[in-house]
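Have a look at input_24.cif; it's mmCIF, C-alpha atoms:
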```cif
data_query
#
loop_
_atom_site.label_atom_id
_atom_site.label_comp_id
_atom_site.auth_asym_id
_atom_site.auth_seq_id
_atom_site.Cartn_x
_atom_site.Cartn_y
_atom_site.Cartn_z
CA MET A 828 -72.80 -71.20 -41.97
CA PRO A 829 -71.97 -71.05 -45.70
CA GLU A 830 -72.58 -74.14 -47.78
CA VAL A 831 -69.48 -76.32 -48.41
CA ALA A 832 -68.12 -75.73 -51.92
CA ARG A 833 -67.89 -78.48 -54.58
CA SER A 834 -65.49 -81.14 -53.36
CA TYR A 835 -63.01 -81.32 -56.31
CA VAL A 836 -61.86 -84.78 -55.14
CA GLU A 837 -60.62 -85.64 -58.65
CA TYR A 838 -58.14 -82.74 -58.47
CA VAL A 839 -57.07 -83.80 -54.96
CA ALA A 840 -56.53 -87.40 -56.13
CA ALA A 841 -54.45 -86.21 -59.11
CA ALA A 842 -52.25 -83.91 -56.99
CA TRP A 843 -51.68 -86.51 -54.26
CA GLY A 844 -51.13 -89.32 -56.78
CA ILE A 845 -48.52 -87.38 -58.75
CA SER A 846 -46.82 -86.27 -55.50
CA ALA A 847 -46.62 -89.87 -54.25
CA VAL A 848 -45.12 -91.08 -57.55
CA VAL A 849 -42.51 -88.26 -57.63
CA LEU A 850 -41.47 -88.78 -53.99
CA VAL A 851 -41.18 -92.57 -54.44
CA VAL A 852 -39.09 -92.11 -57.61
CA VAL A 853 -36.77 -89.52 -55.97
CA ALA A 854 -36.30 -91.63 -52.83
CA GLY A 855 -35.98 -94.91 -54.77
CA ARG A 856 -33.43 -93.45 -57.18
CA ALA A 857 -31.25 -92.26 -54.27
CA LEU A 858 -31.45 -95.60 -52.41
CA VAL A 859 -30.85 -97.78 -55.49
CA ALA A 860 -27.85 -95.68 -56.61
CA ALA A 861 -26.35 -95.89 -53.10
CA ARG A 862 -26.83 -99.66 -52.96
CA GLN A 863 -25.30 -100.21 -56.43
CA VAL A 864 -22.22 -98.05 -55.76
CA ARG A 865 -21.70 -99.65 -52.34
CA ALA A 866 -21.91 -103.16 -53.86
CA ARG A 867 -19.44 -102.31 -56.67
CA LEU A 868 -17.02 -100.69 -54.21
CA LYS A 869 -17.17 -103.68 -51.88
CA GLU A 870 -16.59 -106.03 -54.80
CA LEU A 871 -13.53 -104.07 -55.91
CA GLU A 872 -12.10 -103.66 -52.39
CA ASP A 873 -12.61 -107.36 -51.60
CA GLY A 874 -10.75 -108.22 -54.80
CA GLU A 875 -7.66 -106.23 -53.73
CA MET B 884 -18.67 -77.44 -40.67
CA PHE B 885 -15.37 -76.94 -42.53
CA GLY B 886 -14.08 -80.11 -40.85
CA LEU B 887 -16.89 -82.08 -42.51
CA ALA B 888 -15.55 -81.04 -45.93
CA ASN B 889 -13.10 -83.92 -45.48
CA PRO B 890 -14.86 -86.84 -47.27
CA GLU B 891 -13.61 -89.47 -44.76
CA ARG B 892 -14.88 -87.41 -41.82
CA PHE B 893 -18.21 -86.73 -43.59
CA MET B 894 -18.71 -90.45 -44.23
CA ARG B 895 -18.04 -91.26 -40.56
CA PHE B 896 -20.29 -88.42 -39.33
CA SER B 897 -23.20 -89.15 -41.70
CA ALA B 898 -23.26 -92.98 -41.43
CA PRO B 899 -25.37 -93.12 -38.23
CA LEU B 900 -27.71 -90.35 -39.49
CA VAL B 901 -28.90 -91.90 -42.75
CA GLY B 902 -31.09 -94.74 -41.43
CA PRO B 903 -32.91 -92.67 -38.76
CA LEU B 904 -33.52 -89.87 -41.30
CA TRP B 905 -35.22 -92.27 -43.75
CA ILE B 906 -37.34 -93.76 -40.93
CA ALA B 907 -38.30 -90.30 -39.62
CA ALA B 908 -39.24 -89.17 -43.14
CA GLY B 909 -41.50 -92.23 -43.58
CA LEU B 910 -43.19 -91.72 -40.21
CA LEU B 911 -43.70 -87.98 -40.77
CA LEU B 912 -45.11 -88.59 -44.26
CA ALA B 913 -47.55 -91.16 -42.87
CA ALA B 914 -48.65 -88.85 -40.02
CA GLY B 915 -48.85 -85.80 -42.31
CA SER B 916 -50.91 -87.69 -44.91
CA TRP B 917 -53.32 -88.91 -42.24
CA LEU B 918 -53.75 -85.39 -40.79
CA SER B 919 -54.10 -83.84 -44.27
CA LEU B 920 -56.69 -86.30 -45.55
CA THR B 921 -58.80 -86.18 -42.36
CA ALA B 922 -58.80 -82.35 -42.01
CA PRO B 923 -62.26 -80.80 -42.57
CA PRO B 924 -63.04 -79.47 -46.08
CA ASP B 925 -62.64 -75.69 -46.38
CA TYR B 926 -65.93 -73.79 -46.68
CA GLN B 927 -64.73 -72.01 -49.83
CA GLN B 928 -62.18 -74.41 -51.37
CA GLY B 929 -63.90 -77.65 -50.38
CA ASP B 930 -61.58 -80.68 -50.53
CA SER B 931 -59.16 -78.89 -52.86
CA VAL B 932 -57.59 -77.35 -49.72
CA ARG B 933 -55.85 -80.75 -49.35
CA ILE B 934 -53.79 -79.98 -52.46
CA MET B 935 -52.08 -77.27 -50.37
CA PHE B 936 -50.64 -79.95 -48.06
CA VAL B 937 -48.55 -81.35 -50.93
CA HIS B 938 -48.10 -78.13 -52.95
CA VAL B 939 -46.72 -75.81 -50.23
CA PRO B 940 -44.10 -78.31 -48.87
CA ALA B 941 -42.93 -79.10 -52.43
CA ALA B 942 -42.60 -75.38 -53.26
CA SER B 943 -40.77 -74.47 -50.03
CA MET B 944 -38.39 -77.45 -50.33
CA GLY B 945 -37.75 -76.70 -54.01
CA LEU B 946 -36.59 -73.27 -52.87
CA MET B 947 -34.57 -74.62 -49.91
CA ALA B 948 -32.91 -77.25 -52.12
CA TYR B 949 -31.74 -74.52 -54.50
CA ALA B 950 -30.37 -72.56 -51.52
CA ALA B 951 -28.44 -75.74 -50.56
CA LEU B 952 -27.22 -76.11 -54.15
CA GLY B 953 -26.22 -72.43 -54.37
CA VAL B 954 -24.31 -72.42 -51.07
CA SER B 955 -22.55 -75.66 -52.11
CA CYS B 956 -21.59 -73.94 -55.39
CA LEU B 957 -20.13 -71.01 -53.42
CA PHE B 958 -18.02 -73.41 -51.31
CA SER B 959 -16.98 -75.28 -54.46
CA LEU B 960 -15.96 -72.13 -56.33
CA VAL B 961 -14.32 -70.11 -53.55
CA TRP B 962 -12.85 -72.68 -51.14
CA ARG B 963 -12.63 -75.65 -53.54
CA HIS B 964 -13.96 -77.98 -50.84
CA PRO B 965 -13.90 -81.58 -52.10
CA LEU B 966 -17.43 -82.28 -50.88
CA ALA B 967 -19.04 -79.06 -52.12
CA ASP B 968 -19.50 -80.17 -55.75
CA ALA B 969 -20.82 -83.55 -54.54
CA ALA B 970 -23.31 -81.71 -52.29
CA ALA B 971 -24.48 -79.51 -55.18
CA ARG B 972 -24.92 -82.55 -57.47
CA ALA B 973 -26.86 -84.44 -54.79
CA ALA B 974 -29.25 -81.49 -54.27
CA ALA B 975 -29.97 -80.82 -57.96
CA VAL B 976 -32.22 -83.76 -58.97
CA PRO B 977 -34.43 -83.82 -55.82
CA GLY B 978 -34.64 -80.00 -55.96
CA ALA B 979 -35.73 -80.06 -59.60
CA ALA B 980 -38.27 -82.81 -58.86
CA LEU B 981 -39.76 -80.87 -55.92
CA THR B 982 -39.95 -77.64 -57.93
CA GLY B 983 -41.58 -79.47 -60.84
CA LEU B 984 -44.00 -81.03 -58.38
CA ALA B 985 -44.85 -77.57 -56.97
CA LEU B 986 -45.62 -76.33 -60.50
CA ILE B 987 -47.82 -79.34 -61.32
CA THR B 988 -49.75 -79.41 -58.02
CA GLY B 989 -50.12 -75.60 -58.18
CA ALA B 990 -51.68 -75.92 -61.65
CA ILE B 991 -54.01 -78.69 -60.42
CA TRP B 992 -55.16 -76.40 -57.58
CA GLY B 993 -55.35 -73.34 -59.85
CA LYS B 994 -57.78 -74.87 -62.35
CA PRO B 995 -60.74 -75.32 -59.96
CA MET B 996 -59.92 -72.27 -57.80
CA TRP B 997 -58.78 -69.65 -60.35
CA GLY B 998 -60.30 -71.19 -63.46
CA VAL B 999 -56.89 -71.50 -65.18
CA TRP B 1000 -54.05 -74.05 -65.06
CA TRP B 1001 -51.43 -71.35 -65.66
CA THR B 1002 -51.08 -67.61 -66.18
CA TRP B 1003 -48.01 -65.76 -67.48
CA GLY B 1004 -49.17 -62.61 -65.69
CA ASP B 1005 -48.35 -63.96 -62.20
CA ALA B 1006 -44.87 -63.16 -60.87
CA ARG B 1007 -44.84 -66.08 -58.36
CA LEU B 1008 -45.72 -68.66 -61.02
CA VAL B 1009 -43.20 -67.33 -63.54
CA SER B 1010 -40.38 -66.98 -60.98
CA VAL B 1011 -40.89 -70.61 -59.83
CA LEU B 1012 -40.80 -71.70 -63.49
CA VAL B 1013 -37.49 -69.79 -63.83
CA LEU B 1014 -36.22 -71.65 -60.73
CA PHE B 1015 -37.14 -74.96 -62.37
CA LEU B 1016 -35.33 -73.92 -65.57
CA PHE B 1017 -32.23 -73.00 -63.52
CA TYR B 1018 -32.23 -76.54 -62.09
CA LEU B 1019 -32.51 -78.07 -65.58
CA ALA B 1020 -29.80 -75.77 -66.97
CA TRP B 1021 -27.50 -76.64 -64.02
CA LEU B 1022 -27.99 -80.39 -64.55
CA ALA B 1023 -27.46 -80.06 -68.32
CA LEU B 1024 -24.31 -77.94 -67.92
CA ARG B 1025 -22.85 -80.27 -65.25
CA ALA B 1026 -23.40 -83.26 -67.55
CA ALA B 1027 -22.24 -81.55 -70.76
CA ILE B 1028 -18.58 -80.90 -69.80
CA GLU B 1029 -16.38 -83.97 -69.68
CA ASP B 1030 -13.55 -82.57 -67.54
CA GLU B 1031 -14.76 -82.95 -63.91
CA SER B 1032 -13.09 -79.84 -62.48
CA LYS B 1033 -14.16 -77.61 -65.40
CA ALA B 1034 -17.72 -78.96 -65.17
CA ALA B 1035 -17.80 -78.28 -61.42
CA ARG B 1036 -16.53 -74.71 -61.89
CA ALA B 1037 -18.93 -73.84 -64.73
CA ALA B 1038 -21.89 -75.34 -62.87
CA ALA B 1039 -20.88 -73.49 -59.68
CA VAL B 1040 -20.99 -70.13 -61.50
CA LEU B 1041 -24.45 -70.93 -62.91
CA GLY B 1042 -25.60 -72.14 -59.48
CA LEU B 1043 -24.52 -68.85 -57.90
CA VAL B 1044 -26.28 -66.76 -60.57
CA GLY B 1045 -29.48 -68.70 -59.88
CA LEU B 1046 -29.40 -67.62 -56.21
CA ILE B 1047 -30.55 -64.16 -57.38
CA ASN B 1048 -33.92 -65.74 -58.23
CA LEU B 1049 -34.62 -66.99 -54.67
CA PRO B 1050 -35.63 -63.64 -53.10
CA ILE B 1051 -37.62 -62.88 -56.26
CA VAL B 1052 -39.62 -66.11 -55.75
CA LYS B 1053 -40.10 -65.43 -52.02
CA PHE B 1054 -41.10 -61.76 -52.25
CA SER B 1055 -42.86 -61.82 -55.65
CA VAL B 1056 -46.25 -61.88 -53.91
CA ASP B 1057 -45.32 -58.73 -51.93
CA TRP B 1058 -43.54 -56.79 -54.70
CA TRP B 1059 -46.15 -57.32 -57.41
CA ASN B 1060 -49.92 -57.57 -57.48
CA THR B 1061 -50.30 -61.30 -58.18
CA LEU B 1062 -53.10 -63.84 -58.56
CA HIS B 1063 -51.13 -66.05 -56.14
CA GLN B 1064 -52.09 -65.36 -52.54
CA PRO B 1065 -49.55 -63.62 -50.22
CA ALA B 1066 -47.56 -65.53 -47.57
CA SER B 1067 -49.78 -67.18 -44.98
CA LEU B 1068 -47.10 -68.83 -42.80
CA LEU B 1069 -44.05 -66.53 -42.56
CA ARG B 1070 -45.80 -63.28 -41.62
CA ALA B 1071 -44.90 -60.59 -39.10
CA ASP B 1072 -48.23 -61.12 -37.28
CA GLY B 1073 -48.01 -64.95 -37.31
CA PRO B 1074 -49.65 -67.60 -39.53
CA SER B 1075 -53.04 -66.62 -40.93
CA MET B 1076 -54.63 -70.08 -40.89
CA THR B 1077 -56.57 -72.11 -38.38
CA ALA B 1078 -54.90 -74.97 -36.44
CA ALA B 1079 -57.07 -77.49 -38.37
CA TYR B 1080 -54.98 -76.69 -41.48
CA LEU B 1081 -51.78 -75.41 -39.84
CA THR B 1082 -51.02 -78.74 -38.07
CA PRO B 1083 -51.21 -80.97 -41.20
CA LEU B 1084 -49.36 -78.36 -43.27
CA LEU B 1085 -46.47 -78.05 -40.78
CA THR B 1086 -46.29 -81.86 -40.41
CA MET B 1087 -46.08 -82.30 -44.20
CA MET B 1088 -43.46 -79.53 -44.43
CA ALA B 1089 -41.38 -81.31 -41.77
CA ALA B 1090 -41.84 -84.61 -43.67
CA TYR B 1091 -40.64 -83.12 -46.97
CA ALA B 1092 -37.69 -81.42 -45.21
CA VAL B 1093 -36.54 -84.64 -43.50
CA LEU B 1094 -37.06 -86.62 -46.73
CA PHE B 1095 -34.95 -84.10 -48.64
CA ALA B 1096 -32.25 -84.32 -45.95
CA ALA B 1097 -32.27 -88.14 -46.24
CA VAL B 1098 -32.08 -88.05 -50.06
CA TRP B 1099 -29.40 -85.34 -50.02
CA ILE B 1100 -27.10 -87.00 -47.47
CA THR B 1101 -27.55 -90.38 -49.20
CA GLY B 1102 -26.71 -88.68 -52.50
CA VAL B 1103 -23.54 -87.05 -51.15
CA ARG B 1104 -22.42 -90.38 -49.68
CA THR B 1105 -23.06 -92.06 -53.07
CA GLU B 1106 -20.99 -89.35 -54.81
CA VAL B 1107 -18.09 -89.90 -52.37
CA MET B 1108 -18.25 -93.69 -52.83
CA GLY B 1109 -18.52 -93.22 -56.61
CA ARG B 1110 -15.35 -91.13 -56.66
CA ARG B 1111 -13.52 -93.72 -54.58
CA LEU B 1112 -14.75 -96.39 -57.02
CA ARG B 1113 -13.41 -94.43 -60.02
CA THR B 1114 -10.06 -93.91 -58.28
CA LEU B 1115 -9.76 -97.64 -57.49
CA ARG B 1116 -10.67 -98.58 -61.07
CA ALA B 1117 -8.11 -96.12 -62.47
CA ARG B 1118 -5.45 -97.56 -60.12
CA ARG B 1119 -6.37 -101.10 -61.22
CA ALA B 1120 -6.14 -100.10 -64.89
CA MET B 1121 -2.68 -98.60 -64.36
CA GLU B 1122 -1.46 -101.71 -62.53
CA ALA B 1123 -2.77 -104.02 -65.27
#
```
Can you give me the file's structure in the form of structure tokens?
Amino acid sequence: MPEVARSYVEYVAAAWGISAVVLVVVAGRALVAARQVRARLKELEDGE
Amino acid sequence: MFGLANPERFMRFSAPLVGPLWIAAGLLLAAGSWLSLTAPPDYQQGDSVRIMFVHVPAASMGLMAYAALGVSCLFSLVWRHPLADAAARAAAVPGAALTGLALITGAIWGKPMWGVWWTWGDARLVSVLVLFLFYLAWLALRAAIEDESKAARAAAVLGLVGLINLPIVKFSVDWWNTLHQPASLLRADGPSMTAAYLTPLLTMMAAYAVLFAAVWITGVRTEVMGRRLRTLRARRAMEA
């Protein structure tokens, strides 16, 4: 069986780390925007 | 589907879907990450094979998100559906982020495996960069025009033009002799990888797809609520 190649864990850590940050930012941005708009809408509708 | 173009009906239909979609995305991401990080190292690529489990889902969802944006643009331009522009707007930022992520993780994999971060001579790499630029141009154009209906129409035309790039991205590895490897999942004779890698890859692809669906539907709902908010504020201002 061929020998296992160099592990390249530093590249794996970089790719997974960047992916985690991007996914958290994309998901967080969507959830925060939804919460803010919902709160403002409720505030305005309650005031009517 | 046309019935859902009514914002009220869409809000009623999507309300019970949002929570379960976010939970399913979290669970699939956790399961996919576990399977990806415990898969055996590849005998040639070593641990760098694990980069594929974040790169391939990001690339495929970047492409799918543009298809969603393009189809929404078609509905916006031809049928003037009230939700279509909102759907296109909600797909643009996550689509751009996923495509950017595919470019970055691809470069991180390319350096140890090909010896280069980037090459202009590869049709797949360049066509994905063009896709990313289409996203940025769409977002810039949509934000640059003040009049909402004019902005929606101009962005819809650009969104439709960008659809031409999707088959070029998909088939670039078949049409040209590229450094990028040919398709290993969607092939006439079935996937060309072992179950040890196929299972984590498909789980991560499902996770990214469900996460995109959650972000997209949440985004469309936010757009609808935002428009209602602007209408209420305008009404208030007129009454005052």
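Taking only C-alpha atoms into account, chain B lies nearest to A:Val853 out of the set A:Ala866, A:Gly844, A:Val853, A:Val859.
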Starting from the displayed file, determine the output of the PyMOL selection byres ((chain B) within 8 of (chain A)) and express the residue list as a VMD selection string.
chain B and resid 924 to 931 933 to 934 937 976 to 977 980 984 987 to 988 991 to 992 995 1094 1098 1101 to 1102 1104 to 1105 1108 to 1109 1111 to 1112 1115
Hey, can you spit out that residue selection with C-alpha atoms as a PDB file, in the frame of the given file?
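Output saved as selection_12.pdb:
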```pdb
ATOM      1  CA  PRO B 924     -63.040 -79.470 -46.080  1.00  0.00           C
ATOM      2  CA  ASP B 925     -62.640 -75.690 -46.380  1.00  0.00           C
ATOM      3  CA  TYR B 926     -65.930 -73.790 -46.680  1.00  0.00           C
ATOM      4  CA  GLN B 927     -64.730 -72.010 -49.830  1.00  0.00           C
ATOM      5  CA  GLN B 928     -62.180 -74.410 -51.370  1.00  0.00           C
ATOM      6  CA  GLY B 929     -63.900 -77.650 -50.380  1.00  0.00           C
ATOM      7  CA  ASP B 930     -61.580 -80.680 -50.530  1.00  0.00           C
ATOM      8  CA  SER B 931     -59.160 -78.890 -52.860  1.00  0.00           C
ATOM      9  CA  ARG B 933     -55.850 -80.750 -49.350  1.00  0.00           C
ATOM     10  CA  ILE B 934     -53.790 -79.980 -52.460  1.00  0.00           C
ATOM     11  CA  VAL B 937     -48.550 -81.350 -50.930  1.00  0.00           C
ATOM     12  CA  VAL B 976     -32.220 -83.760 -58.970  1.00  0.00           C
ATOM     13  CA  PRO B 977     -34.430 -83.820 -55.820  1.00  0.00           C
ATOM     14  CA  ALA B 980     -38.270 -82.810 -58.860  1.00  0.00           C
ATOM     15  CA  LEU B 984     -44.000 -81.030 -58.380  1.00  0.00           C
ATOM     16  CA  ILE B 987     -47.820 -79.340 -61.320  1.00  0.00           C
ATOM     17  CA  THR B 988     -49.750 -79.410 -58.020  1.00  0.00           C
ATOM     18  CA  ILE B 991     -54.010 -78.690 -60.420  1.00  0.00           C
ATOM     19  CA  TRP B 992     -55.160 -76.400 -57.580  1.00  0.00           C
ATOM     20  CA  PRO B 995     -60.740 -75.320 -59.960  1.00  0.00           C
ATOM     21  CA  LEU B1094     -37.060 -86.620 -46.730  1.00  0.00           C
ATOM     22  CA  VAL B1098     -32.080 -88.050 -50.060  1.00  0.00           C
ATOM     23  CA  THR B1101     -27.550 -90.380 -49.200  1.00  0.00           C
ATOM     24  CA  GLY B1102     -26.710 -88.680 -52.500  1.00  0.00           C
ATOM     25  CA  ARG B1104     -22.420 -90.380 -49.680  1.00  0.00           C
ATOM     26  CA  THR B1105     -23.060 -92.060 -53.070  1.00  0.00           C
ATOM     27  CA  MET B1108     -18.250 -93.690 -52.830  1.00  0.00           C
ATOM     28  CA  GLY B1109     -18.520 -93.220 -56.610  1.00  0.00           C
ATOM     29  CA  ARG B1111     -13.520 -93.720 -54.580  1.00  0.00           C
ATOM     30  CA  LEU B1112     -14.750 -96.390 -57.020  1.00  0.00           C
ATOM     31  CA  LEU B1115      -9.760 -97.640 -57.490  1.00  0.00           C
TER      32      LEU B1115
END
```
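Between atom CA of Ala941 of chain B and atom CA of Leu1062 of chain B the interatomic distance comes to 19.3 Å.
You will find atom CA of Leu986 of chain B at 11.7 Å from atom CA of Leu1016 of chain B.
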So how many Å separate atom CA of Thr1086 of chain B and atom CA of Ala990 of chain B, to one decimal?
22.7 Å
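Among the candidates B:Val1093, B:Arg1007, B:Ser916, B:Val954, the residue lying nearest to Ala1066 of chain B is B:Arg1007 (atoms considered: all atoms listed in the file).
Contact shell of Asp968 of chain B at 7 Å (all atoms listed in the file; same-chain neighbours under 6 positions omitted): Ser955, Cys956, Ser959 and Ala1035 of chain B.
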Considering all atoms listed in the file, can you say which of B:Val961, B:Ala1079, B:Val1103, B:Leu946 comes closest to Ile1047 of chain B?
B:Leu946
